[in-house]
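K.L.:
Sending over start-v1.cif (mmCIF, C-alpha atoms).
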```
data_protein
#
loop_
_atom_site.label_atom_id
_atom_site.label_comp_id
_atom_site.auth_asym_id
_atom_site.auth_seq_id
_atom_site.Cartn_x
_atom_site.Cartn_y
_atom_site.Cartn_z
CA MET A 54 0.00 0.00 0.00
CA ALA A 55 1.42 3.33 -0.99
CA LEU A 56 2.14 5.97 1.58
CA VAL A 57 -0.94 8.06 2.34
CA SER A 58 0.12 11.63 2.90
CA ASP A 59 -1.78 14.83 3.27
CA THR A 60 -1.13 18.48 3.87
CA LEU A 61 -1.12 20.10 7.26
CA SER A 62 -3.93 22.40 6.17
CA ASN A 63 -6.27 19.50 5.27
CA LEU A 64 -5.50 17.58 8.45
CA ARG A 65 -6.09 20.66 10.61
CA SER A 66 -9.45 21.25 8.96
CA GLN A 67 -10.52 17.64 9.60
CA LEU A 68 -9.26 17.80 13.14
CA SER A 69 -11.26 20.92 13.84
CA LYS A 70 -14.43 19.27 12.58
CA ARG A 71 -13.91 16.04 14.53
CA LEU A 72 -13.42 18.02 17.72
CA GLY A 73 -16.71 19.74 17.14
CA PHE A 74 -15.27 23.14 16.30
CA GLY A 75 -15.85 23.01 12.56
CA SER A 76 -17.95 26.15 12.66
CA GLN A 77 -14.89 28.17 13.62
CA GLY A 78 -13.45 27.63 10.17
CA ASP A 79 -9.81 27.27 9.24
CA THR A 80 -8.68 30.77 10.10
CA ALA A 81 -5.60 31.88 11.91
CA GLY A 82 -5.78 32.23 15.67
CA PRO A 83 -4.89 30.57 18.94
CA PHE A 84 -7.17 27.61 18.29
CA GLN A 85 -5.65 26.96 14.88
CA ASP A 86 -2.19 27.26 16.40
CA LEU A 87 -3.16 24.61 18.96
CA LEU A 88 -4.33 22.23 16.23
CA THR A 89 -1.17 22.85 14.21
CA ALA A 90 0.96 22.11 17.24
CA ALA A 91 -0.95 18.90 17.92
CA LEU A 92 -0.45 17.69 14.36
CA THR A 93 3.22 18.70 14.28
CA ASP A 94 3.87 16.90 17.55
CA ALA A 95 2.04 13.77 16.41
CA HIS A 96 3.98 13.76 13.14
CA GLU A 97 7.30 14.19 14.88
CA GLN A 98 6.49 11.53 17.47
CA LEU A 99 5.63 8.97 14.79
CA MET A 100 8.69 9.90 12.71
CA TYR A 101 11.10 9.26 15.54
CA GLN A 102 9.38 6.39 17.30
CA PHE A 103 9.30 3.97 14.39
CA GLU A 104 11.57 3.05 11.52
CA TRP A 105 9.12 3.44 8.67
CA PRO A 106 10.26 1.95 5.36
CA GLU A 107 8.77 5.02 3.66
CA ILE A 108 11.50 7.21 5.11
CA ARG A 109 14.41 4.86 4.45
CA ARG A 110 16.48 6.10 1.54
CA ASP A 111 19.91 5.95 -0.09
CA TRP A 112 21.99 9.06 -0.62
CA VAL A 113 24.78 8.68 -3.16
CA PHE A 114 27.41 11.34 -3.83
CA PRO A 115 30.98 11.44 -5.13
CA LEU A 116 33.88 11.87 -2.73
CA VAL A 117 36.72 14.24 -3.50
CA ALA A 118 40.21 12.80 -3.67
CA GLY A 119 42.11 13.53 -0.48
CA LYS A 120 39.13 15.00 1.41
CA THR A 121 37.70 13.33 4.48
CA LEU A 122 34.93 15.64 5.73
CA TYR A 123 31.62 16.08 3.95
CA SER A 124 28.38 17.84 4.70
CA LEU A 125 25.42 15.50 4.87
CA PRO A 126 23.86 15.29 1.41
CA THR A 127 20.39 16.53 0.52
CA ASP A 128 18.47 14.68 -2.15
CA SER A 129 16.15 16.01 -4.83
CA CYS A 130 13.21 15.77 -2.40
CA ASN A 131 15.09 18.02 0.03
CA ARG A 132 15.62 15.15 2.44
CA THR A 133 18.74 14.64 4.53
CA PRO A 134 19.87 11.44 6.29
CA ASP A 135 19.27 11.37 10.00
CA PRO A 136 22.80 11.08 11.45
CA GLU A 137 21.42 9.16 14.42
CA ARG A 138 19.73 6.56 12.22
CA ILE A 139 22.30 5.57 9.65
CA ILE A 140 21.85 1.96 8.61
CA SER A 141 25.04 1.50 6.60
CA VAL A 142 27.62 3.37 4.52
CA HIS A 143 29.23 1.90 1.40
CA VAL A 144 31.84 2.99 -1.11
CA GLU A 145 31.81 2.16 -4.80
CA VAL A 146 35.12 1.12 -6.38
CA ASN A 147 35.24 0.11 -10.04
CA GLY A 148 31.49 -0.38 -10.10
CA MET A 149 31.50 -2.67 -7.05
CA TRP A 150 29.86 -1.58 -3.82
CA SER A 151 31.80 -2.41 -0.69
CA PRO A 152 30.47 -4.17 2.39
CA PRO A 153 29.31 -1.73 5.07
CA LEU A 154 32.08 0.56 6.28
CA GLN A 155 32.97 0.24 9.93
CA ARG A 156 31.83 3.15 12.06
CA GLY A 157 34.40 4.83 14.28
CA ILE A 158 37.74 6.46 13.44
CA SER A 159 40.45 6.16 16.05
CA PRO A 160 42.59 9.30 16.42
CA ALA A 161 45.61 7.01 15.99
CA LEU A 162 44.66 6.71 12.34
CA TYR A 163 45.21 10.43 11.80
CA THR A 164 48.96 9.87 11.84
CA ILE A 165 48.61 8.24 8.45
CA SER A 166 47.69 10.48 5.56
CA THR A 167 48.08 7.95 2.78
CA ARG A 168 45.21 8.00 0.33
CA GLY A 169 43.30 4.85 -0.48
CA ILE A 170 39.81 3.35 -0.39
CA PRO A 171 37.86 4.55 2.66
CA VAL A 172 37.17 1.72 5.09
CA LYS A 173 35.73 3.63 8.04
CA TYR A 174 33.31 6.46 8.64
CA ASP A 175 31.99 8.48 11.51
CA ILE A 176 29.61 11.29 12.25
CA ALA A 177 31.06 14.49 13.64
CA HIS A 178 30.18 18.13 14.06
CA GLY A 179 31.89 21.00 12.34
CA ASN A 180 31.84 23.37 9.42
CA ALA A 181 33.60 26.49 8.17
CA ASN A 182 36.46 24.16 7.45
CA PRO A 183 38.02 24.27 4.01
CA ASP A 184 38.30 20.50 4.08
CA ILE A 185 34.54 20.03 4.09
CA GLN A 186 33.15 19.34 0.68
CA PRO A 187 29.58 20.12 -0.29
CA PRO A 188 28.56 16.80 -1.78
CA GLY A 189 26.77 16.74 -5.08
CA ILE A 190 23.17 15.56 -5.16
CA ALA A 191 22.88 12.13 -6.69
CA GLY A 192 20.12 10.44 -4.72
CA PRO A 193 18.13 7.57 -6.20
CA MET B 107 46.52 23.94 16.08
CA THR B 108 48.86 22.09 13.77
CA THR B 109 50.22 18.80 14.98
CA TRP B 110 53.28 17.33 13.38
CA VAL B 111 54.45 13.82 12.68
CA ASN B 112 57.73 12.63 11.31
CA MET B 113 57.65 12.39 7.52
CA PHE B 114 58.86 8.78 7.61
CA GLU B 115 56.00 7.85 9.97
CA ALA B 116 53.51 7.36 7.17
CA GLY B 117 55.83 5.42 4.92
CA ALA B 118 59.14 5.37 3.12
CA CYS B 119 60.40 8.57 1.52
CA LYS B 120 62.70 9.25 -1.38
CA VAL B 121 65.97 10.81 -0.21
CA GLU B 122 68.08 12.73 -2.71
CA VAL B 123 71.50 14.41 -2.61
CA TRP B 124 72.44 16.98 -5.21
CA ASP B 125 75.60 18.92 -5.89
CA THR B 126 76.09 21.87 -8.20
CA THR B 127 76.27 19.60 -11.25
CA GLY B 128 73.20 17.50 -10.57
CA GLN B 129 71.80 14.60 -8.61
CA VAL B 130 74.43 12.32 -7.09
CA PHE B 131 72.26 10.10 -4.90
CA ILE B 132 68.63 8.93 -4.81
CA ASP B 133 67.05 6.08 -2.88
CA THR B 134 63.84 5.20 -1.13
CA MET B 135 64.58 4.98 2.55
CA ALA B 136 62.77 4.26 5.80
CA LYS B 137 63.68 4.69 9.45
CA GLY B 138 66.84 2.82 10.31
CA ASP B 139 68.18 2.65 6.73
CA THR B 140 71.75 3.50 5.80
CA SER B 141 72.80 4.06 2.19
CA ALA B 142 75.75 2.64 0.34
CA SER B 143 78.56 5.16 0.01
CA PHE B 144 78.59 7.40 -3.04
CA ASN B 145 80.71 10.19 -4.48
CA ALA B 146 79.77 13.77 -5.16
CA ASN B 147 81.30 15.86 -7.90
CA ASN B 148 82.69 18.44 -5.47
CA GLY B 149 85.42 16.02 -4.47
CA SER B 150 83.59 14.42 -1.60
CA THR B 151 83.83 10.66 -1.66
CA HIS B 152 82.41 7.98 0.57
CA CYS B 153 79.36 10.07 1.33
CA ILE B 154 76.65 8.27 3.29
CA VAL B 155 73.02 9.05 4.04
CA ASN B 156 71.24 7.46 6.95
CA VAL B 157 67.82 7.79 8.56
CA ASP B 158 67.95 7.10 12.26
CA SER B 159 65.28 5.43 14.33
CA SER B 160 63.69 8.77 15.23
CA GLY B 161 63.34 9.76 11.56
CA ALA B 162 66.19 12.31 11.39
CA VAL B 163 68.02 12.20 8.06
CA LYS B 164 71.78 12.80 7.96
CA LEU B 165 74.32 13.28 5.18
CA SER B 166 77.89 12.48 6.24
CA ILE B 167 81.06 13.06 4.25
CA THR B 168 84.55 11.84 4.98
CA PRO B 169 87.57 14.13 5.45
CA ASP B 170 88.37 14.34 1.78
CA GLY B 171 85.33 16.39 0.92
CA SER B 172 83.20 19.35 1.75
CA LEU B 173 79.56 20.19 2.24
CA ASP B 174 79.93 23.12 -0.13
CA GLY B 175 77.13 23.10 -2.67
CA LEU B 176 75.62 19.83 -1.44
CA SER B 177 71.89 19.58 -0.91
CA LEU B 178 69.85 17.01 0.95
CA PHE B 179 66.17 16.52 0.12
CA VAL B 180 63.38 14.30 1.44
CA ASP B 181 60.47 13.61 -0.89
CA PRO B 182 57.55 11.71 0.70
CA GLN B 183 56.02 9.01 -1.47
CA TYR B 184 52.51 9.78 -0.31
CA ASP B 185 50.35 12.78 -0.95
CA THR B 186 51.02 15.77 1.27
CA THR B 187 49.77 18.44 -1.09
CA SER B 188 47.10 19.64 1.31
CA LEU B 189 49.33 19.47 4.35
CA ALA B 190 51.96 21.79 5.77
CA THR B 191 55.53 20.55 6.08
CA ARG B 192 58.54 21.67 8.05
CA ILE B 193 62.10 20.78 8.90
CA VAL B 194 63.33 20.84 12.47
CA GLY B 195 66.44 19.82 14.34
CA ILE B 196 68.73 21.33 11.71
CA ASP B 197 72.22 20.45 12.73
CA SER B 198 75.69 20.35 11.24
CA SER B 199 78.99 19.14 12.57
CA PHE B 200 82.54 19.57 11.31
CA GLU B 201 85.83 18.13 12.29
CA GLY B 202 89.43 18.37 11.17
CA ASP B 203 90.93 21.48 9.74
CA GLY B 204 87.80 23.50 9.44
CA THR B 205 86.80 26.38 11.62
CA VAL B 206 84.98 25.15 14.67
CA PRO B 207 82.28 26.18 15.24
CA TYR B 208 81.64 26.19 11.58
CA GLY B 209 80.07 29.19 9.92
CA GLY B 210 77.87 29.09 6.92
CA GLU B 211 74.40 29.21 5.61
CA ALA B 212 71.94 26.91 3.97
CA THR B 213 68.60 27.46 2.29
CA ALA B 214 65.59 25.54 3.57
CA ASP B 215 63.78 24.42 0.45
CA CYS B 216 60.37 23.16 -0.57
CA ASP B 217 58.38 22.95 -3.81
CA ASP B 218 57.12 26.48 -3.35
CA ARG B 219 60.27 28.53 -3.86
CA SER B 220 58.63 31.63 -2.44
CA GLN B 221 58.78 29.92 0.95
CA ASP B 222 62.51 29.25 0.85
CA ALA B 223 64.27 30.51 3.96
CA THR B 224 67.87 31.03 4.94
CA VAL B 225 69.12 28.94 7.83
CA SER B 226 72.31 29.53 9.74
CA LEU B 227 74.53 26.51 10.23
CA ASP B 228 76.39 28.09 13.13
CA THR B 229 76.33 26.17 16.33
CA SER B 230 74.48 29.07 17.92
CA PRO B 231 72.40 30.32 15.04
CA ALA B 232 70.49 33.56 15.25
CA THR B 233 67.70 31.88 13.31
CA PRO B 234 66.17 28.95 15.17
CA PRO B 235 66.89 25.71 13.36
CA GLU B 236 63.30 25.15 12.33
CA VAL B 237 61.53 26.21 9.14
CA ASP B 238 57.79 25.84 8.56
CA PHE B 239 56.22 25.67 5.13
CA THR B 240 52.52 26.15 4.61
CA ALA B 241 50.60 23.70 2.47
CA HIS B 242 51.09 24.40 -1.20
CA ALA B 243 50.69 22.87 -4.62
CA ALA B 244 53.13 20.02 -5.14
CA GLY B 245 53.52 16.93 -7.23
CA ASP B 246 51.42 13.82 -6.69
CA ASP B 247 54.11 12.47 -4.42
CA GLY B 248 53.74 15.34 -2.02
CA ALA B 249 55.77 18.31 -0.95
CA PHE B 250 59.52 17.75 -0.65
CA VAL B 251 61.64 19.51 1.93
CA GLY B 252 65.38 19.91 2.05
CA LEU B 253 68.48 21.92 2.80
CA PHE B 254 70.65 23.50 0.12
CA THR B 255 74.10 24.55 1.30
CA ASN B 256 74.90 27.83 -0.33
CA GLY B 257 78.54 27.25 -1.07
CA SER B 258 79.48 29.93 1.42
CA THR B 259 80.77 27.29 3.78
CA THR B 260 84.50 27.26 4.21
CA GLY B 261 86.93 24.67 5.39
CA GLY B 262 85.83 21.67 7.25
CA SER B 263 86.09 18.00 6.69
CA ALA B 264 84.36 14.92 8.02
CA ALA B 265 81.25 17.00 8.09
CA SER B 266 77.60 16.13 8.37
CA LEU B 267 74.33 17.83 7.74
CA GLN B 268 71.20 16.68 9.52
CA PHE B 269 67.54 17.61 9.89
CA THR B 270 64.22 16.01 10.72
CA PRO B 271 61.45 16.33 8.11
CA GLU B 272 57.91 16.59 9.44
CA VAL B 273 54.46 16.75 7.95
CA GLU B 274 51.23 18.09 9.39
CA ALA B 275 49.18 15.34 10.97
CA SER B 276 46.06 14.83 8.91
CA ALA B 277 43.67 15.04 11.85
CA PRO B 278 40.75 17.20 10.80
CA SER B 279 39.65 20.17 12.86
CA PHE B 280 36.02 20.77 13.69
CA THR B 281 35.04 24.32 14.38
CA CYS B 282 31.25 24.78 14.34
CA ASP B 283 28.12 22.76 14.74
CA GLU B 284 27.02 21.29 11.46
CA THR B 285 26.61 17.54 11.42
CA ILE B 286 29.04 16.08 8.93
CA ILE B 287 30.24 12.68 7.83
CA GLU B 288 33.91 11.81 7.97
CA VAL B 289 35.60 9.00 6.09
CA TRP B 290 38.96 7.36 6.58
CA GLN B 291 41.28 6.83 4.88
CA PRO B 292 41.36 9.88 2.60
CA PRO B 293 39.96 8.73 -0.74
CA ALA B 294 42.49 8.25 -3.53
CA GLU B 295 39.86 8.93 -6.20
CA ALA B 296 36.35 10.34 -6.53
CA TYR B 297 34.66 7.16 -5.31
CA ASN B 298 30.91 7.23 -4.82
CA LEU B 299 29.68 7.04 -1.25
CA ARG B 300 26.28 5.59 -0.44
CA ILE B 301 24.59 6.45 2.84
CA ARG B 302 21.61 4.23 3.65
CA ALA B 303 19.64 5.85 6.43
CA TYR B 304 16.31 7.03 7.65
CA SER B 305 15.47 10.51 6.60
CA GLN B 306 15.40 13.42 8.98
CA ALA B 307 11.92 14.84 9.49
CA THR B 308 11.23 17.66 7.08
CA ALA B 309 9.35 20.70 8.30
CA PHE B 310 5.69 20.08 9.07
CA ALA B 311 4.48 23.48 10.20
CA ALA B 312 3.29 25.33 7.10
CA ASP B 313 -0.11 24.72 5.52
CA ALA B 314 1.31 23.13 2.37
CA ASP B 315 3.74 20.78 4.20
CA VAL B 316 2.87 17.12 3.73
CA THR B 317 3.31 14.24 6.15
CA MET B 318 6.25 11.90 5.73
CA VAL B 319 4.42 9.03 7.42
CA ASP B 320 0.84 7.78 7.10
CA SER B 321 -1.38 10.85 7.33
CA ARG B 322 -4.31 8.94 8.88
CA LEU B 323 -2.07 7.84 11.71
CA VAL B 324 -0.88 11.39 12.26
CA PHE B 325 -4.46 12.59 12.25
CA LEU B 326 -5.73 9.92 14.67
CA LEU B 327 -2.87 10.47 17.12
CA ALA B 328 -3.44 14.24 17.07
CA LEU B 329 -7.19 13.68 17.43
CA ALA B 330 -6.77 11.35 20.42
CA ASN B 331 -4.47 13.86 22.11
CA MET B 332 -6.80 16.80 21.45
CA LYS B 333 -9.88 14.91 22.63
CA ALA B 334 -8.04 14.05 25.83
CA HIS B 335 -7.04 17.70 26.09
CA TYR B 336 -10.71 18.79 25.91
CA GLY B 337 -11.87 15.91 28.13
CA GLN B 338 -14.12 14.41 25.48
CA PRO B 339 -15.34 10.93 26.47
CA ASP B 340 -14.36 9.17 23.24
CA ALA B 341 -10.66 10.07 23.59
CA SER B 342 -9.74 6.54 24.73
CA ALA B 343 -11.68 5.00 21.83
CA ILE B 344 -9.65 7.08 19.36
CA ALA B 345 -6.45 6.15 21.18
CA ASN B 346 -7.37 2.47 20.70
CA GLN B 347 -7.85 3.13 17.00
CA VAL B 348 -4.36 4.61 16.88
CA GLN B 349 -2.92 1.49 18.51
CA LEU B 350 -4.79 -0.84 16.17
CA ARG B 351 -3.74 1.05 13.06
CA LEU B 352 -0.17 1.32 14.29
CA ARG B 353 0.00 -2.41 15.01
CA LYS B 354 -1.42 -3.25 11.60
CA MET B 355 1.03 -0.96 9.83
CA LYS B 356 4.02 -2.30 11.70
CA ALA B 357 2.95 -5.87 10.89
CA ARG B 358 2.72 -4.93 7.24
CA ASN B 359 6.16 -3.38 7.35
CA HIS B 360 7.64 -6.73 8.18
CA ASN B 361 6.99 -7.65 4.53
CA ASN B 362 8.52 -11.08 3.95
CA ARG B 363 10.59 -11.01 7.10
CA LEU B 364 9.47 -13.72 9.48
CA TYR B 365 9.20 -13.53 13.19
CA ARG B 366 10.41 -16.70 14.80
CA PRO B 367 9.94 -16.74 18.54
CA GLN B 368 12.94 -18.10 20.38
CA PRO B 369 12.50 -21.12 22.70
CA GLN B 370 11.37 -19.89 26.04
CA TRP B 371 14.12 -19.75 28.60
CA THR B 372 13.30 -21.42 31.86
CA PRO B 373 15.42 -20.72 34.88
CA PRO B 374 17.15 -23.70 36.49
CA PRO B 375 15.52 -24.97 39.67
CA ARG B 376 16.69 -23.38 42.84
CA PRO B 377 19.07 -25.60 44.77
CA ILE B 378 17.68 -27.04 47.93
CA ILE B 379 20.04 -26.37 50.76
CA ALA B 380 19.67 -28.54 53.80
CA ASN B 381 18.93 -26.69 57.01
CA PRO B 382 21.74 -27.50 59.44
CA ASP B 383 19.20 -27.50 62.26
CA ASP B 384 17.28 -30.39 60.71
#
```
Kindly transcribe the structure held in the file into structure tokens.
P.N.:
Amino acid sequence: MALVSDTLSNLRSQLSKRLGFGSQGDTAGPFQDLLTAALTDAHEQLMYQFEWPEIRRDWVFPLVAGKTLYSLPTDSCNRTPDPERIISVHVEVNGMWSPPLQRGISPALYTISTRGIPVKYDIAHGNANPDIQPPGIAGP
Amino acid sequence: MTTWVNMFEAGACKVEVWDTTGQVFIDTMAKGDTSASFNANNGSTHCIVNVDSSGAVKLSITPDGSLDGLSLFVDPQYDTTSLATRIVGIDSSFEGDGTVPYGGEATADCDDRSQDATVSLDTSPATPPEVDFTAHAAGDDGAFVGLFTNGSTTGGSAASLQFTPEVEASAPSFTCDETIIEVWQPPAEAYNLRIRAYSQATAFAADADVTMVDSRLVFLLALANMKAHYGQPDASAIANQVQLRLRKMKARNHNNRLYRPQPQWTPPPRPIIANPDD
């Protein structure tokens, strides 16, 4: 069954009617703000509580030779991977996708700057660093 | 803050010796290696290069020669083009008929000639025996460093010239608060990276924003919460609907994955300990 989605405006209108306040109409005001907040909270709760297959995606982008830090990619639907819910990371070499990369980079590895095929990844925080590359959008 | 590691730490480096007529020695060396002896065209024979266990590289000549016009270079065989380099521990020693302490100058060299710097070879140099080079364009093999003796040296025999080449550690620095992904080791080519993950929630606050999960579920959950908020008696009935729909959807999401319950674990019987009073 395909994902059933609807706009916030439609849901708020239905919610108002089911609560018995349909006569107030869908105009701006404290009541409408309350309904919007209820819907936003419910949406957020369901997003984070369950791992819905509808929100599982692959983001693919090219690395830059010699660069190790990348902003998280955004796909054509303006979606970004949740850094706390990464399932796996893979690298493509000569048309072959690698097994999942191991998460975690020991600082001891920073003593070696030799280039090669990435075998590890990690999530970090930082920007304004010339080493960070804005990845190209190449989502499926 | 820049942290430095010895240039030989990440692998063997090419070591070269040049005199005024051209290259007289080249070899790939690692820590602990000593070269075969070679001759330079300035009359120095039995010259030897060695890399000690700490990664300092040293050119030694025997009493029949001179350091005049000799240069010693270290060329890493891995990419350092985006990293700064430097030479530290610059040292020279002279014995025999030369002036001691020995006067003279050398030029600290790297690919970017605009960064060349003059170094004093005196035993108490006015310029500290350390020269830093910022990262700069270099060949695929990385940025070489070296010392070029200017030919202003006089006298001396059984001399040696020594320095320690270093390269900026490749540890990245994180400055602000954007979530980023880091890979190791640095990619050699423009490989594709695939991140399989659950999407972050997009904004759901404007009228035209659409739900990323089942909209009926969002609606029912919001309705149950609002009915409870207003104390309406059917709030619990709506909450039950939410649970039923949620359960059904999660079951459907299993697709062809099977749930196989594991055999139930039963604790071992408690041991019966005899009462000593019995």
K.L.:
At a cut-off of 6 Å, which residues of chain B touch chain A? Count only C-alpha atoms and give the answer as a PDB file with C-alpha atoms, keeping the file's coordinate frame.
P.N.:
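After the write, iface.pdb holds the following:
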```
ATOM      1  CA  ALA B 116      53.510   7.360   7.170  1.00  0.00           C
ATOM      2  CA  TYR B 184      52.510   9.780  -0.310  1.00  0.00           C
ATOM      3  CA  ALA B 275      49.180  15.340  10.970  1.00  0.00           C
ATOM      4  CA  SER B 276      46.060  14.830   8.910  1.00  0.00           C
ATOM      5  CA  ALA B 277      43.670  15.040  11.850  1.00  0.00           C
ATOM      6  CA  PHE B 280      36.020  20.770  13.690  1.00  0.00           C
ATOM      7  CA  THR B 281      35.040  24.320  14.380  1.00  0.00           C
ATOM      8  CA  CYS B 282      31.250  24.780  14.340  1.00  0.00           C
ATOM      9  CA  ASP B 283      28.120  22.760  14.740  1.00  0.00           C
ATOM     10  CA  GLU B 284      27.020  21.290  11.460  1.00  0.00           C
ATOM     11  CA  THR B 285      26.610  17.540  11.420  1.00  0.00           C
ATOM     12  CA  ILE B 286      29.040  16.080   8.930  1.00  0.00           C
ATOM     13  CA  ILE B 287      30.240  12.680   7.830  1.00  0.00           C
ATOM     14  CA  GLU B 288      33.910  11.810   7.970  1.00  0.00           C
ATOM     15  CA  VAL B 289      35.600   9.000   6.090  1.00  0.00           C
ATOM     16  CA  TRP B 290      38.960   7.360   6.580  1.00  0.00           C
ATOM     17  CA  GLN B 291      41.280   6.830   4.880  1.00  0.00           C
ATOM     18  CA  PRO B 292      41.360   9.880   2.600  1.00  0.00           C
ATOM     19  CA  PRO B 293      39.960   8.730  -0.740  1.00  0.00           C
ATOM     20  CA  ALA B 294      42.490   8.250  -3.530  1.00  0.00           C
ATOM     21  CA  GLU B 295      39.860   8.930  -6.200  1.00  0.00           C
ATOM     22  CA  ALA B 296      36.350  10.340  -6.530  1.00  0.00           C
ATOM     23  CA  TYR B 297      34.660   7.160  -5.310  1.00  0.00           C
ATOM     24  CA  ASN B 298      30.910   7.230  -4.820  1.00  0.00           C
ATOM     25  CA  LEU B 299      29.680   7.040  -1.250  1.00  0.00           C
ATOM     26  CA  ARG B 300      26.280   5.590  -0.440  1.00  0.00           C
ATOM     27  CA  ILE B 301      24.590   6.450   2.840  1.00  0.00           C
ATOM     28  CA  ARG B 302      21.610   4.230   3.650  1.00  0.00           C
ATOM     29  CA  ALA B 303      19.640   5.850   6.430  1.00  0.00           C
ATOM     30  CA  TYR B 304      16.310   7.030   7.650  1.00  0.00           C
ATOM     31  CA  SER B 305      15.470  10.510   6.600  1.00  0.00           C
ATOM     32  CA  GLN B 306      15.400  13.420   8.980  1.00  0.00           C
ATOM     33  CA  PHE B 310       5.690  20.080   9.070  1.00  0.00           C
ATOM     34  CA  ASP B 313      -0.110  24.720   5.520  1.00  0.00           C
ATOM     35  CA  ALA B 314       1.310  23.130   2.370  1.00  0.00           C
ATOM     36  CA  ASP B 315       3.740  20.780   4.200  1.00  0.00           C
ATOM     37  CA  VAL B 316       2.870  17.120   3.730  1.00  0.00           C
ATOM     38  CA  THR B 317       3.310  14.240   6.150  1.00  0.00           C
ATOM     39  CA  ASP B 320       0.840   7.780   7.100  1.00  0.00           C
ATOM     40  CA  SER B 321      -1.380  10.850   7.330  1.00  0.00           C
ATOM     41  CA  VAL B 324      -0.880  11.390  12.260  1.00  0.00           C
ATOM     42  CA  LEU B 327      -2.870  10.470  17.120  1.00  0.00           C
ATOM     43  CA  ALA B 328      -3.440  14.240  17.070  1.00  0.00           C
TER      44      ALA B 328
END
```
K.L.:
Evaluate the PyMOL selection byres ((chain B and resi 238) around 6) here and jot the selected residues down as a ChimeraX atom specification.
P.N.:
/B:192,237,239
K.L.:
Within 7 Å of Ser199 (chain B), counting all atoms listed in the file, which residues show up once you throw out same-chain ones fewer than 5 positions away? Write them as number ranges by chain, please.
P.N.:
B: 265-267
K.L.:
Which value, in Å to one decimal, gives the distance between CA of Gly161 (chain B) and CA of Pro182 (chain B)?
P.N.:
12.5 Å
K.L.:
With distances taken over only C-alpha atoms, which of B:Gly337, B:Gly128, B:Gly195, B:Pro377 is nearest to Pro235 (chain B)?
P.N.:
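Going through B:Gly337, B:Gly128, B:Gly195, B:Pro377 one by one, the smallest distance to Pro235 (chain B) is for B:Gly195.
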K.L.:
Please evaluate the PyMOL selection byres ((chain B and resi 117-119) around 10) against the displayed coordinates and give the resulting residues as a list of chain:residue names.
P.N.:
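Selected by the PyMOL selection byres ((chain B and resi 117-119) around 10) here: A:Ile165, A:Ser166, A:Thr167, B:Asn112, B:Met113, B:Phe114, B:Glu115, B:Ala116, B:Lys120, B:Val121, B:Glu122, B:Asp133, B:Thr134, B:Met135, B:Ala136, B:Lys137, B:Phe179, B:Val180, B:Asp181, B:Pro182, B:Gln183, B:Tyr184, B:Asp247, B:Phe250.
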K.L.:
Go through B:Val157, B:Val123, B:Ala190, B:Met318 and flag the residue nearest Leu253 (chain B), using all atoms listed in the file for the distances.
P.N.:
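Among the listed residues, the smallest separation from Leu253 (chain B) belongs to B:Val123.
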K.L.:
On this structure, which residues satisfy the PyMOL selection byres ((chain B and resi 273) around 6), written as a PyMOL selection string?
P.N.:
chain B and resi 110-111+113+191+272+274
K.L.:
Can you measure CA of Ser150 (chain B) to CA of Gly252 (chain B) for me? One decimal in Å is fine.
P.N.:
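Separating CA of Ser150 (chain B) from CA of Gly252 (chain B) is a distance of 19.4 Å.
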K.L.:
Quick one: distance from CA of Asp174 (chain B) to CA of Thr255 (chain B) in Å, one decimal?
P.N.:
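CA of Thr255 (chain B) lies at a distance of 6.2 Å from CA of Asp174 (chain B).
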K.L.:
Of the candidates B:Met332, B:Met355, B:Ile196, B:Leu189, which shows the shortest atom-to-atom distance to Val163 (chain B), using all atoms listed in the file?
P.N.:
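The shortest atom-to-atom distance to Val163 (chain B) comes from B:Ile196.
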